[in-house]
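Asker: To be precise about what I am sending: the file is called final.cif and holds mmCIF, C-alpha atoms (C1' of nucleotides) and all ligand atoms.
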data_data
loop_
_atom_site.label_atom_id
_atom_site.label_comp_id
_atom_site.auth_asym_id
_atom_site.auth_seq_id
_atom_site.Cartn_x
_atom_site.Cartn_y
_atom_site.Cartn_z
CA MET N 1 1.09 -17.44 70.55
CA GLU N 2 3.40 -19.56 72.70
CA LYS N 3 0.82 -22.25 72.18
CA ILE N 4 1.15 -21.96 68.42
CA ILE N 5 4.90 -22.39 68.59
CA SER N 6 4.75 -25.36 70.92
CA LYS N 7 1.97 -26.90 68.87
CA TYR N 8 4.09 -26.99 65.74
CA LYS N 9 7.45 -27.66 67.40
CA GLY N 10 9.11 -30.59 65.68
CA LYS N 11 6.27 -31.04 63.24
CA PHE N 12 7.12 -28.56 60.60
CA LYS N 13 9.75 -25.89 60.31
CA LEU N 14 8.72 -22.72 62.03
CA THR N 15 10.03 -19.87 59.95
CA PRO N 16 9.22 -16.24 60.76
CA GLN N 17 6.85 -16.09 57.80
CA ARG N 18 5.02 -19.22 58.91
CA ILE N 19 4.77 -17.99 62.47
CA ALA N 20 3.22 -14.76 61.19
CA ILE N 21 0.74 -16.74 59.09
CA LEU N 22 -0.14 -19.04 61.99
CA LYS N 23 -0.57 -16.05 64.25
CA PHE N 24 -2.88 -14.39 61.73
CA LEU N 25 -4.94 -17.53 61.28
CA ASP N 26 -5.14 -18.41 64.98
CA ASN N 27 -8.77 -17.90 66.00
CA ASN N 28 -9.35 -15.92 62.84
CA THR N 29 -13.05 -15.99 62.08
CA GLY N 30 -12.77 -13.72 59.05
CA HIS N 31 -12.45 -16.46 56.42
CA PRO N 32 -9.45 -14.80 54.75
CA THR N 33 -8.35 -15.37 51.19
CA ALA N 34 -4.75 -16.09 50.20
CA GLU N 35 -4.47 -12.42 49.32
CA ASP N 36 -5.78 -11.36 52.73
CA ILE N 37 -3.10 -13.49 54.35
CA TYR N 38 -0.45 -12.18 51.99
CA ASN N 39 -1.35 -8.56 52.67
CA GLU N 40 -1.25 -9.13 56.40
CA ILE N 41 2.08 -10.95 56.46
CA ARG N 42 3.60 -8.41 54.10
CA LYS N 43 3.18 -5.71 56.72
CA LYS N 44 5.87 -7.39 58.79
CA TYR N 45 7.73 -9.28 56.05
CA PRO N 46 7.58 -7.09 52.95
CA THR N 47 9.40 -9.61 50.78
CA VAL N 48 7.13 -12.56 51.55
CA SER N 49 5.93 -14.25 48.39
CA PHE N 50 2.53 -15.56 47.41
CA ALA N 51 4.20 -18.93 46.98
CA THR N 52 5.00 -19.03 50.68
CA VAL N 53 1.42 -18.18 51.55
CA TYR N 54 0.04 -20.88 49.26
CA ASN N 55 2.68 -23.38 50.40
CA THR N 56 1.84 -22.79 54.03
CA ILE N 57 -1.89 -23.01 53.34
CA GLN N 58 -1.27 -26.33 51.60
CA ALA N 59 0.91 -27.61 54.44
CA LEU N 60 -1.80 -26.76 56.94
CA LYS N 61 -4.50 -28.35 54.80
CA ASP N 62 -2.36 -31.49 54.48
CA ARG N 63 -2.04 -31.59 58.24
CA GLY N 64 -5.79 -31.16 58.56
CA GLU N 65 -5.53 -27.83 60.33
CA LEU N 66 -7.12 -25.55 57.80
CA SER N 67 -10.15 -25.94 55.59
CA GLU N 68 -11.18 -24.39 52.35
CA VAL N 69 -14.47 -22.53 52.09
CA THR N 70 -16.11 -22.69 48.67
CA ILE N 71 -18.67 -19.90 48.79
CA ASP N 72 -17.12 -17.10 46.82
CA PRO N 73 -17.05 -17.84 43.10
CA GLN N 74 -14.01 -15.58 42.67
CA ARG N 75 -11.53 -16.92 45.17
CA LYS N 76 -10.92 -19.46 47.86
CA HIS N 77 -11.40 -18.54 51.49
CA PHE N 78 -9.79 -20.36 54.37
CA ASP N 79 -11.01 -21.27 57.80
CA PRO N 80 -8.84 -22.41 60.70
CA ASN N 81 -11.90 -23.52 62.63
CA LEU N 82 -12.30 -27.21 61.87
CA ARG N 83 -15.30 -27.76 64.07
CA PRO N 84 -18.12 -28.55 61.64
CA HIS N 85 -20.22 -25.46 61.19
CA HIS N 86 -22.29 -23.51 58.72
CA HIS N 87 -21.92 -20.06 57.23
CA ILE N 88 -23.98 -16.96 56.70
CA ILE N 89 -23.00 -14.57 53.93
CA CYS N 90 -24.00 -10.95 53.87
CA THR N 91 -25.20 -10.36 50.34
CA VAL N 92 -24.11 -6.73 50.54
CA CYS N 93 -20.57 -6.83 51.96
CA ASN N 94 -19.93 -10.54 51.35
CA ARG N 95 -18.61 -11.08 54.85
CA ILE N 96 -18.88 -14.68 55.98
CA GLY N 97 -20.09 -15.45 59.50
CA ASP N 98 -20.09 -18.73 61.40
CA ILE N 99 -23.09 -20.70 62.65
CA PHE N 100 -22.39 -23.47 65.12
CA THR N 101 -25.70 -25.28 65.08
CA ASP N 102 -25.95 -28.89 63.98
CA PHE N 103 -29.00 -29.27 61.79
CA SER N 104 -28.36 -32.86 60.73
CA ALA N 105 -31.20 -34.23 62.81
CA VAL N 106 -33.83 -32.09 61.10
CA LEU N 107 -32.58 -32.40 57.54
CA HIS N 108 -34.76 -35.31 56.49
CA LEU N 109 -34.09 -36.21 52.90
CA PRO N 110 -36.58 -37.84 50.54
CA GLU N 111 -36.45 -41.64 50.34
CA GLU N 112 -35.30 -41.60 46.75
CA ILE N 113 -32.23 -39.58 47.70
CA LEU N 114 -31.45 -41.82 50.67
CA ALA N 115 -31.78 -44.81 48.37
CA GLU N 116 -29.28 -43.39 45.95
CA TYR N 117 -26.75 -41.80 48.27
CA THR N 118 -24.84 -42.83 51.35
CA LEU N 119 -24.84 -39.57 53.25
CA THR N 120 -21.67 -38.26 54.80
CA GLY N 121 -22.32 -34.65 55.68
CA ASN N 122 -23.92 -31.33 54.96
CA HIS N 123 -23.07 -27.68 54.90
CA ILE N 124 -25.50 -24.80 54.85
CA ASP N 125 -24.91 -21.37 53.38
CA PHE N 126 -27.37 -18.90 54.81
CA TYR N 127 -27.82 -15.59 53.06
CA GLY N 128 -28.77 -12.33 54.65
CA VAL N 129 -27.84 -8.73 55.25
CA CYS N 130 -25.67 -7.92 58.25
CA SER N 131 -26.57 -5.17 60.70
CA GLU N 132 -23.71 -3.00 59.53
CA CYS N 133 -24.97 -3.11 55.96
CA ARG N 134 -28.49 -2.34 57.12
CA THR N 135 -27.46 0.78 59.04
CA GLY N 136 -29.10 3.85 57.60
CA LYS N 137 -31.07 1.87 55.09
CA GLU N 138 -33.33 -0.18 57.33
CA SER N 139 -36.32 0.47 55.13
CA MET N 140 -34.74 -1.33 52.22
CA PHE N 141 -34.77 -4.63 54.07
CA GLN N 142 -38.05 -4.56 55.89
CA GLN N 143 -40.78 -6.78 54.58
CA MET H 1 -37.64 -27.11 21.47
CA GLU H 2 -40.33 -25.13 19.72
CA LYS H 3 -41.09 -23.78 23.13
CA ILE H 4 -37.52 -22.58 23.52
CA ILE H 5 -37.65 -20.71 20.26
CA SER H 6 -40.97 -19.06 20.97
CA LYS H 7 -39.84 -18.24 24.50
CA TYR H 8 -36.92 -16.19 23.24
CA LYS H 9 -38.55 -14.80 20.13
CA GLY H 10 -38.06 -11.05 20.04
CA LYS H 11 -36.13 -11.01 23.30
CA PHE H 12 -32.69 -11.86 22.19
CA LYS H 13 -31.22 -12.93 18.90
CA LEU H 14 -31.59 -16.61 18.29
CA THR H 15 -28.45 -17.73 16.52
CA PRO H 16 -27.79 -21.38 15.74
CA GLN H 17 -25.13 -21.49 18.46
CA ARG H 18 -27.49 -20.01 21.02
CA ILE H 19 -30.26 -22.38 20.05
CA ALA H 20 -27.88 -25.29 20.54
CA ILE H 21 -26.89 -23.96 23.94
CA LEU H 22 -30.50 -23.39 24.97
CA LYS H 23 -31.39 -26.87 23.80
CA PHE H 24 -28.55 -28.37 25.80
CA LEU H 25 -29.49 -26.43 28.92
CA ASP H 26 -33.23 -27.07 28.65
CA ASN H 27 -34.15 -29.37 31.52
CA ASN H 28 -30.49 -30.18 32.00
CA THR H 29 -29.98 -31.44 35.54
CA GLY H 30 -26.30 -32.17 35.10
CA HIS H 31 -24.97 -28.84 36.35
CA PRO H 32 -22.62 -28.38 33.40
CA THR H 33 -19.56 -26.18 33.35
CA ALA H 34 -18.75 -23.72 30.56
CA GLU H 35 -16.45 -26.37 29.15
CA ASP H 36 -19.22 -29.00 29.24
CA ILE H 37 -21.43 -26.65 27.24
CA TYR H 38 -18.62 -25.81 24.86
CA ASN H 39 -17.82 -29.48 24.21
CA GLU H 40 -21.47 -30.25 23.54
CA ILE H 41 -22.09 -27.34 21.17
CA ARG H 42 -18.84 -28.03 19.37
CA LYS H 43 -20.19 -31.36 18.19
CA LYS H 44 -22.61 -29.54 15.94
CA TYR H 45 -20.77 -26.23 15.52
CA PRO H 46 -17.08 -27.09 15.51
CA THR H 47 -16.00 -23.46 15.25
CA VAL H 48 -17.98 -22.19 18.22
CA SER H 49 -15.83 -20.20 20.60
CA PHE H 50 -15.61 -20.17 24.37
CA ALA H 51 -16.48 -16.49 24.20
CA THR H 52 -19.87 -17.35 22.71
CA VAL H 53 -20.51 -19.85 25.46
CA TYR H 54 -19.57 -17.37 28.16
CA ASN H 55 -21.48 -14.56 26.46
CA THR H 56 -24.62 -16.67 26.24
CA ILE H 57 -24.27 -17.80 29.84
CA GLN H 58 -23.98 -14.17 30.87
CA ALA H 59 -26.99 -13.15 28.77
CA LEU H 60 -29.07 -15.88 30.38
CA LYS H 61 -27.89 -14.93 33.86
CA ASP H 62 -28.76 -11.29 33.15
CA ARG H 63 -32.22 -12.38 32.08
CA GLY H 64 -32.53 -14.43 35.27
CA GLU H 65 -32.79 -17.72 33.42
CA LEU H 66 -29.63 -19.43 34.58
CA SER H 67 -27.96 -19.63 37.93
CA GLU H 68 -24.41 -20.23 38.99
CA VAL H 69 -23.59 -23.09 41.33
CA THR H 70 -20.60 -22.46 43.58
CA ILE H 71 -19.71 -25.91 44.85
CA ASP H 72 -16.71 -26.94 42.86
CA PRO H 73 -13.59 -25.03 43.90
CA GLN H 74 -12.14 -25.47 40.41
CA ARG H 75 -14.81 -24.12 38.12
CA LYS H 76 -18.29 -22.68 37.92
CA HIS H 77 -21.25 -24.92 37.23
CA PHE H 78 -24.55 -23.70 35.82
CA ASP H 79 -28.12 -24.65 36.53
CA PRO H 80 -31.12 -23.79 34.35
CA ASN H 81 -33.48 -24.83 37.12
CA LEU H 82 -34.32 -21.65 38.99
CA ARG H 83 -36.71 -23.23 41.43
CA PRO H 84 -34.94 -22.90 44.80
CA HIS H 85 -33.38 -26.20 45.68
CA HIS H 86 -30.43 -27.85 47.36
CA HIS H 87 -27.63 -30.04 46.09
CA ILE H 88 -26.01 -33.32 46.96
CA ILE H 89 -22.46 -33.94 45.78
CA CYS H 90 -20.98 -37.38 45.41
CA THR H 91 -17.57 -37.12 47.03
CA VAL H 92 -16.22 -39.79 44.68
CA CYS H 93 -17.38 -38.74 41.19
CA ASN H 94 -18.31 -35.14 42.09
CA ARG H 95 -21.65 -35.36 40.33
CA ILE H 96 -24.17 -32.86 41.64
CA GLY H 97 -27.74 -33.96 42.28
CA ASP H 98 -30.82 -31.87 43.06
CA ILE H 99 -32.91 -31.92 46.22
CA PHE H 100 -36.27 -30.18 46.07
CA THR H 101 -37.13 -30.03 49.74
CA ASP H 102 -37.63 -26.72 51.49
CA PHE H 103 -35.93 -26.89 54.87
CA SER H 104 -36.41 -23.24 55.80
CA ALA H 105 -39.01 -24.01 58.43
CA VAL H 106 -36.71 -26.27 60.42
CA LEU H 107 -33.54 -24.24 60.15
CA HIS H 108 -33.88 -22.31 63.37
CA LEU H 109 -30.98 -19.97 63.84
CA PRO H 110 -29.64 -18.78 67.18
CA GLU H 111 -31.03 -15.49 68.44
CA GLU H 112 -27.68 -13.73 68.14
CA ILE H 113 -27.56 -14.51 64.45
CA LEU H 114 -31.13 -13.39 63.88
CA ALA H 115 -30.31 -10.20 65.74
CA GLU H 116 -27.39 -9.49 63.47
CA TYR H 117 -28.73 -10.60 60.11
CA THR H 118 -31.86 -10.07 58.09
CA LEU H 119 -32.23 -13.51 56.54
CA THR H 120 -32.96 -13.86 52.87
CA GLY H 121 -32.30 -17.47 52.00
CA ASN H 122 -30.34 -20.65 52.44
CA HIS H 123 -28.72 -23.32 50.36
CA ILE H 124 -27.61 -26.73 51.55
CA ASP H 125 -24.82 -28.81 50.10
CA PHE H 126 -25.24 -32.43 51.13
CA TYR H 127 -22.31 -34.77 50.73
CA GLY H 128 -22.47 -38.46 50.08
CA VAL H 129 -21.51 -41.32 47.81
CA CYS H 130 -23.81 -42.17 44.92
CA SER H 131 -24.96 -45.71 44.22
CA GLU H 132 -22.86 -45.91 41.09
CA CYS H 133 -19.71 -45.07 43.03
CA ARG H 134 -20.63 -47.59 45.71
CA THR H 135 -21.05 -50.47 43.27
CA GLY H 136 -18.57 -53.22 43.98
CA LYS H 137 -17.23 -51.46 47.02
CA GLU H 138 -20.24 -51.46 49.32
CA SER H 139 -18.13 -52.48 52.30
CA MET H 140 -16.15 -49.30 52.12
CA PHE H 141 -19.18 -47.21 52.95
CA GLN H 142 -20.99 -49.28 55.52
CA GLN H 143 -20.85 -48.14 59.10
"C1'" DT Z 1 29.68 -25.06 64.05
"C1'" DA Z 2 28.50 -27.55 60.24
"C1'" DC Z 3 25.07 -30.05 57.79
"C1'" DT Z 4 21.02 -30.93 55.20
"C1'" DA Z 5 16.26 -31.42 54.64
"C1'" DT Z 6 13.04 -28.19 54.21
"C1'" DC Z 7 11.62 -23.51 53.24
"C1'" DT Z 8 11.45 -18.97 50.75
"C1'" DT Z 9 11.58 -16.50 46.79
"C1'" DG Z 10 10.72 -14.43 41.99
"C1'" DG Z 11 9.10 -15.50 38.13
"C1'" DA Z 12 7.26 -18.73 34.82
"C1'" DA Z 13 3.38 -21.66 33.90
"C1'" DC Z 14 -1.28 -22.73 34.08
"C1'" DA Z 15 -6.40 -22.84 34.03
"C1'" DA Z 16 -10.68 -20.45 34.17
"C1'" DT Z 17 -12.74 -16.51 32.77
"C1'" DT Z 18 -13.23 -11.92 30.68
"C1'" DC Z 19 -12.18 -8.52 27.26
"C1'" DT Z 20 -11.33 -6.60 22.58
"C1'" DA Z 21 -11.37 -5.71 17.80
"C1'" DT Z 22 -13.07 -7.53 13.73
"C1'" DT Z 23 -16.26 -9.89 10.94
"C1'" DA Z 24 -20.76 -12.02 10.38
"C1'" DT Z 25 -25.66 -12.25 10.70
"C1'" DA Z 26 -30.69 -12.29 12.69
"C1'" DG Z 27 -34.42 -9.90 12.41
"C1'" DA Z 28 -36.48 -5.56 11.20
"C1'" DA Z 29 -37.35 -2.21 7.74
"C1'" DT Z 30 -37.85 -1.30 3.17
"C1'" DA B 1 -36.53 -10.15 -1.95
"C1'" DT B 2 -33.03 -6.69 -0.53
"C1'" DT B 3 -30.95 -3.66 2.47
"C1'" DC B 4 -29.74 -2.17 6.93
"C1'" DT B 5 -28.11 -2.15 11.56
"C1'" DA B 6 -27.93 -3.57 16.16
"C1'" DT B 7 -26.39 -7.49 18.09
"C1'" DA B 8 -23.69 -11.76 18.06
"C1'" DA B 9 -19.67 -14.87 16.82
"C1'" DT B 10 -15.03 -15.40 16.54
"C1'" DA B 11 -9.87 -15.66 17.50
"C1'" DG B 12 -6.90 -14.42 20.32
"C1'" DA B 13 -5.07 -11.28 23.87
"C1'" DA B 14 -5.57 -10.02 28.63
"C1'" DT B 15 -6.61 -10.80 33.35
"C1'" DT B 16 -7.05 -13.29 37.62
"C1'" DG B 17 -6.34 -16.76 40.94
"C1'" DT B 18 -3.43 -20.48 41.77
"C1'" DT B 19 0.38 -23.79 41.14
"C1'" DC B 20 4.94 -25.01 39.72
"C1'" DC B 21 9.98 -24.57 39.44
"C1'" DA B 22 14.87 -23.74 40.11
"C1'" DA B 23 18.04 -21.38 42.93
"C1'" DG B 24 19.52 -19.60 47.13
"C1'" DA B 25 18.56 -19.35 52.30
"C1'" DT B 26 17.80 -21.21 56.82
"C1'" DA B 27 15.63 -23.96 60.96
"C1'" DG B 28 16.61 -27.46 63.54
"C1'" DT B 29 19.63 -31.26 64.33
"C1'" DA B 30 24.05 -33.47 64.92
MN MN M 1 -16.27 -20.64 59.25
MN MN M 2 -29.46 -27.91 40.74
ZN ZN M 3 -22.74 -6.79 55.31
ZN ZN M 4 -20.53 -40.86 42.47
#
Turn this file's structure into structure tokens for me.

Answerer:
Amino acid sequence: MEKIISKYKGKFKLTPQRIAILKFLDNNTGHPTAEDIYNEIRKKYPTVSFATVYNTIQALKDRGELSEVTIDPQRKHFDPNLRPHHHIICTVCNRIGDIFTDFSAVLHLPEEILAEYTLTGNHIDFYGVCSECRTGKESMFQQ
Amino acid sequence: MEKIISKYKGKFKLTPQRIAILKFLDNNTGHPTAEDIYNEIRKKYPTVSFATVYNTIQALKDRGELSEVTIDPQRKHFDPNLRPHHHIICTVCNRIGDIFTDFSAVLHLPEEILAEYTLTGNHIDFYGVCSECRTGKESMFQQ
DNA sequence: TACTATCTTGGAACAATTCTATTATAGAAT
DNA sequence: ATTCTATAATAGAATTGTTCCAAGATAGTA
């Protein structure tokens, strides 16, 4: 927490609302939506507005400290972890988990694709069912 | 086209609007949005409504004949090709290309992930710059 | 302590999508 | 061919997620 404050000192105004947002996002691996952030901050600052949440998200994205995760067709999720990584989505509860393996070396693309595109990156969405969602219904997911 | 009509015969009502939509989607590799479909159908049926486009999309999804591509944070794209495949997005023009390589065998996940999830699938988004977007500015993309 | 650039806020605006009530029609039954 | 009815098309309202805006508040500096 002290680290958060010192990190942003002099870079952008640290208001109580922003500090609460930064605190919530710090090491947050839950891929929260704007609404998730809003609901959390509202606990401590009941009058916080969605505009503040979106403004802060935008400020952090502009500073390259937050990324947008496009997995959920309904809403945007955000990720404070900027280390390149992949995701795994539980198809039952929709929770998004992180996978820190670099697969670039094994993702050999066909020549025709390499001829047409200059590659810059890749992102994998794995799909599965998490252990919590399997509990009590193991049989449903056994092959 | 005849094939389309016979394929749907007796399964769902073939209206002129739906036939136009099916025709547009048949073998369409352009990953159109609802608006793309609407604009195309409107050429022939100027009074077609967005509701008809969305209704038909939904009917096709329900019948498992159209899938939704969640890549663009702004809007949904649709894909009539149900064969599992991956995508490559040009980061300049945002066009979405198809990649029909199955990487499952080389995507070895860490034990802790395999312990937590029952895997069911994967989808890769590759990023790059297409040849058209490179034209005249090759230098920008050379390493 | 005062100043001001920046931030917060509520609500309006917006864009994509879904819903609703009404009218029209494809395809089946006669 | 004509009638019938379940299903589809339509216009527009409603909903949802997100962005914009104008006014008042405040963090950080002087
Ligand atoms: Mn992540
Ligand atoms: Mn595709
Ligand atoms: Zn789950
Ligand atoms: Zn391009």

Asker: Which chains and residue numbers are within 10 Å of ligand MN 2 (chain M), counting all atoms listed in the file, if I want them as a ChimeraX atom specification?

Answerer: /H:28-31,67-69,77-88,96-100

Asker: Pull the closest atom pair for each residue of chain H that gets at most 7 Å from chain N, along with the distance in Å to one decimal, counting all atoms listed in the file, ordering rows by chain and then ascending residue number, as CSV.

Answerer:
residue,atom,partner,partner_atom,distance
H:Thr70,CA,N:Pro73,CA,5.8
H:Ile71,CA,N:Thr70,CA,6.2
H:Pro73,CA,N:Thr70,CA,5.9
H:Phe103,CA,N:Leu107,CA,7.0
H:Val106,CA,N:Val106,CA,6.5
H:Leu107,CA,N:Phe103,CA,7.0
H:Glu116,CA,N:Ser131,CA,5.2
H:Tyr117,CA,N:Cys130,CA,4.5
H:Thr118,CA,N:Val129,CA,5.1
H:Leu119,CA,N:Gly128,CA,4.1
H:Thr120,CA,N:Gly128,CA,4.8
H:Gly121,CA,N:Tyr127,CA,5.0
H:Asn122,CA,N:Phe126,CA,4.2
H:His123,CA,N:Asp125,CA,5.2
H:Ile124,CA,N:Ile124,CA,4.4
H:Asp125,CA,N:His123,CA,5.2
H:Phe126,CA,N:Asn122,CA,4.2
H:Tyr127,CA,N:Gly121,CA,5.0
H:Gly128,CA,N:Leu119,CA,4.1
H:Val129,CA,N:Thr118,CA,5.1
H:Cys130,CA,N:Tyr117,CA,4.5
H:Ser131,CA,N:Glu116,CA,5.2

Asker: List as a Markdown table every residue of chain B that is in contact with chain N, defined as an atom at most 10 Å from one of its atoms (using only C-alpha atoms (C1' of nucleotides)), together with the nearest atom pair and the distance in Å rounded to one decimal, sorted by chain and then rising number.

Answerer:
| residue | atom | partner | partner_atom | distance |
| --- | --- | --- | --- | --- |
| B:DT16 | C1' | N:Gln74 | CA | 8.9 |
| B:DG17 | C1' | N:Arg75 | CA | 6.7 |
| B:DT18 | C1' | N:Tyr54 | CA | 8.3 |
| B:DT19 | C1' | N:Ala51 | CA | 8.5 |
| B:DC20 | C1' | N:Ala51 | CA | 9.5 |
| B:DT26 | C1' | N:Thr15 | CA | 8.5 |
| B:DA27 | C1' | N:Lys13 | CA | 6.2 |
| B:DG28 | C1' | N:Lys13 | CA | 7.7 |

Asker: Counting all atoms listed in the file, write as a list in words all protein and nucleic acid residues lying at most 12 Å from (-32.8, -12.1, 29.3) in the file's frame.

Answerer: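 All residues meeting the 12 Å criterion around (-32.8, -12.1, 29.3) are Lys7, Tyr8, Lys9, Gly10, Lys11, Phe12, Lys13, Leu14, Asn55, Thr56, Ile57, Gln58, Ala59, Leu60, Lys61, Asp62, Arg63, Gly64, Glu65 and Leu66 of chain H.
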
Asker: I need the chosen residues saved as a compact mmCIF listing (two decimals), in the coordinates of the input, with C-alpha atoms.

Answerer:
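New file part34.txt:
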# COMPACT_ATOMS: atom_id res chain seq x y z
CA LYS H 7 -39.84 -18.24 24.50
CA TYR H 8 -36.92 -16.19 23.24
CA LYS H 9 -38.55 -14.80 20.13
CA GLY H 10 -38.06 -11.05 20.04
CA LYS H 11 -36.13 -11.01 23.30
CA PHE H 12 -32.69 -11.86 22.19
CA LYS H 13 -31.22 -12.93 18.90
CA LEU H 14 -31.59 -16.61 18.29
CA ASN H 55 -21.48 -14.56 26.46
CA THR H 56 -24.62 -16.67 26.24
CA ILE H 57 -24.27 -17.80 29.84
CA GLN H 58 -23.98 -14.17 30.87
CA ALA H 59 -26.99 -13.15 28.77
CA LEU H 60 -29.07 -15.88 30.38
CA LYS H 61 -27.89 -14.93 33.86
CA ASP H 62 -28.76 -11.29 33.15
CA ARG H 63 -32.22 -12.38 32.08
CA GLY H 64 -32.53 -14.43 35.27
CA GLU H 65 -32.79 -17.72 33.42
CA LEU H 66 -29.63 -19.43 34.58

Asker: Quote the spacing between atom C1' of DT9 of chain Z and atom C1' of DT15 of chain B in Å to one decimal place.

Answerer: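 Atom C1' of DT9 of chain Z sits 23.3 Å away from atom C1' of DT15 of chain B.
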
Asker: Based on only C-alpha atoms (C1' of nucleotides), which of the residues in chain Z come within 10 Å of chain H? I want them as a list in words.

Answerer: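 The contacting residues on chain Z are DA15, DA16, DT17, DT18, DC19, DT25, DA26 and DG27 of chain Z.
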
Asker: Export, as a compact mmCIF listing (two decimals), in the coordinates of the input, the selected residues with C-alpha atoms (C1' of nucleotides).

Answerer:
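Once everything was written out, this is again-v4.txt:
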# COMPACT_ATOMS: atom_id res chain seq x y z
C1' DA Z 15 -6.40 -22.84 34.03
C1' DA Z 16 -10.68 -20.45 34.17
C1' DT Z 17 -12.74 -16.51 32.77
C1' DT Z 18 -13.23 -11.92 30.68
C1' DC Z 19 -12.18 -8.52 27.26
C1' DT Z 25 -25.66 -12.25 10.70
C1' DA Z 26 -30.69 -12.29 12.69
C1' DG Z 27 -34.42 -9.90 12.41

Asker: Rounded to one decimal place, report the atom CA of Phe24 of chain H-atom C1' of DA11 of chain B distance in Å.

Answerer: 24.1 Å

Asker: Taking (-1.5, -12.6, 63.7) in the file's coordinates, which residues come within 12 Å, counting only C-alpha atoms (C1' of nucleotides), written as a list in words?

Answerer: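 Checking each residue against the 12 Å limit leaves Met1, Ile4, Pro16, Gln17, Arg18, Ile19, Ala20, Ile21, Leu22, Lys23, Phe24, Leu25, Asp26, Asn27, Asn28, Asp36, Ile37, Tyr38, Asn39, Glu40, Ile41, Arg42, Lys43 and Lys44 of chain N.
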
Asker: Using the atoms already present, construct N, CA, C and O atoms for segment 52-64 of chain H and hand them back as a PDB file, keeping the file's coordinate frame.

Answerer:
ATOM      1  N   THR H  52     -18.431 -17.230  22.961  1.00  0.00           N
ATOM      2  CA  THR H  52     -19.870 -17.350  22.710  1.00  0.00           C
ATOM      3  C   THR H  52     -20.562 -18.074  23.853  1.00  0.00           C
ATOM      4  O   THR H  52     -21.646 -17.678  24.291  1.00  0.00           O
ATOM      5  N   VAL H  53     -19.921 -19.119  24.336  1.00  0.00           N
ATOM      6  CA  VAL H  53     -20.510 -19.850  25.460  1.00  0.00           C
ATOM      7  C   VAL H  53     -20.621 -18.935  26.675  1.00  0.00           C
ATOM      8  O   VAL H  53     -21.690 -18.804  27.281  1.00  0.00           O
ATOM      9  N   TYR H  54     -19.532 -18.256  27.009  1.00  0.00           N
ATOM     10  CA  TYR H  54     -19.570 -17.370  28.160  1.00  0.00           C
ATOM     11  C   TYR H  54     -20.520 -16.203  27.949  1.00  0.00           C
ATOM     12  O   TYR H  54     -21.227 -15.794  28.873  1.00  0.00           O
ATOM     13  N   ASN H  55     -20.548 -15.662  26.729  1.00  0.00           N
ATOM     14  CA  ASN H  55     -21.480 -14.560  26.460  1.00  0.00           C
ATOM     15  C   ASN H  55     -22.924 -15.011  26.639  1.00  0.00           C
ATOM     16  O   ASN H  55     -23.746 -14.275  27.203  1.00  0.00           O
ATOM     17  N   THR H  56     -23.239 -16.182  26.139  1.00  0.00           N
ATOM     18  CA  THR H  56     -24.620 -16.670  26.240  1.00  0.00           C
ATOM     19  C   THR H  56     -24.981 -16.972  27.694  1.00  0.00           C
ATOM     20  O   THR H  56     -26.072 -16.649  28.151  1.00  0.00           O
ATOM     21  N   ILE H  57     -24.047 -17.565  28.411  1.00  0.00           N
ATOM     22  CA  ILE H  57     -24.270 -17.800  29.840  1.00  0.00           C
ATOM     23  C   ILE H  57     -24.580 -16.480  30.529  1.00  0.00           C
ATOM     24  O   ILE H  57     -25.530 -16.369  31.304  1.00  0.00           O
ATOM     25  N   GLN H  58     -23.778 -15.471  30.233  1.00  0.00           N
ATOM     26  CA  GLN H  58     -23.980 -14.170  30.870  1.00  0.00           C
ATOM     27  C   GLN H  58     -25.336 -13.570  30.496  1.00  0.00           C
ATOM     28  O   GLN H  58     -26.053 -13.056  31.359  1.00  0.00           O
ATOM     29  N   ALA H  59     -25.703 -13.683  29.207  1.00  0.00           N
ATOM     30  CA  ALA H  59     -26.990 -13.150  28.770  1.00  0.00           C
ATOM     31  C   ALA H  59     -28.132 -13.843  29.507  1.00  0.00           C
ATOM     32  O   ALA H  59     -29.095 -13.195  29.930  1.00  0.00           O
ATOM     33  N   LEU H  60     -28.017 -15.140  29.677  1.00  0.00           N
ATOM     34  CA  LEU H  60     -29.070 -15.880  30.380  1.00  0.00           C
ATOM     35  C   LEU H  60     -29.095 -15.520  31.869  1.00  0.00           C
ATOM     36  O   LEU H  60     -30.169 -15.391  32.462  1.00  0.00           O
ATOM     37  N   LYS H  61     -27.922 -15.351  32.465  1.00  0.00           N
ATOM     38  CA  LYS H  61     -27.890 -14.930  33.860  1.00  0.00           C
ATOM     39  C   LYS H  61     -28.521 -13.549  34.016  1.00  0.00           C
ATOM     40  O   LYS H  61     -29.310 -13.319  34.935  1.00  0.00           O
ATOM     41  N   ASP H  62     -28.194 -12.647  33.097  1.00  0.00           N
ATOM     42  CA  ASP H  62     -28.760 -11.290  33.150  1.00  0.00           C
ATOM     43  C   ASP H  62     -30.283 -11.325  33.043  1.00  0.00           C
ATOM     44  O   ASP H  62     -30.966 -10.526  33.664  1.00  0.00           O
ATOM     45  N   ARG H  63     -30.785 -12.256  32.241  1.00  0.00           N
ATOM     46  CA  ARG H  63     -32.220 -12.380  32.080  1.00  0.00           C
ATOM     47  C   ARG H  63     -32.848 -13.219  33.183  1.00  0.00           C
ATOM     48  O   ARG H  63     -34.036 -13.512  33.145  1.00  0.00           O
ATOM     49  N   GLY H  64     -32.010 -13.646  34.147  1.00  0.00           N
ATOM     50  CA  GLY H  64     -32.530 -14.430  35.270  1.00  0.00           C
ATOM     51  C   GLY H  64     -33.005 -15.802  34.856  1.00  0.00           C
ATOM     52  O   GLY H  64     -33.962 -16.339  35.408  1.00  0.00           O
TER      53      GLY H  64
END
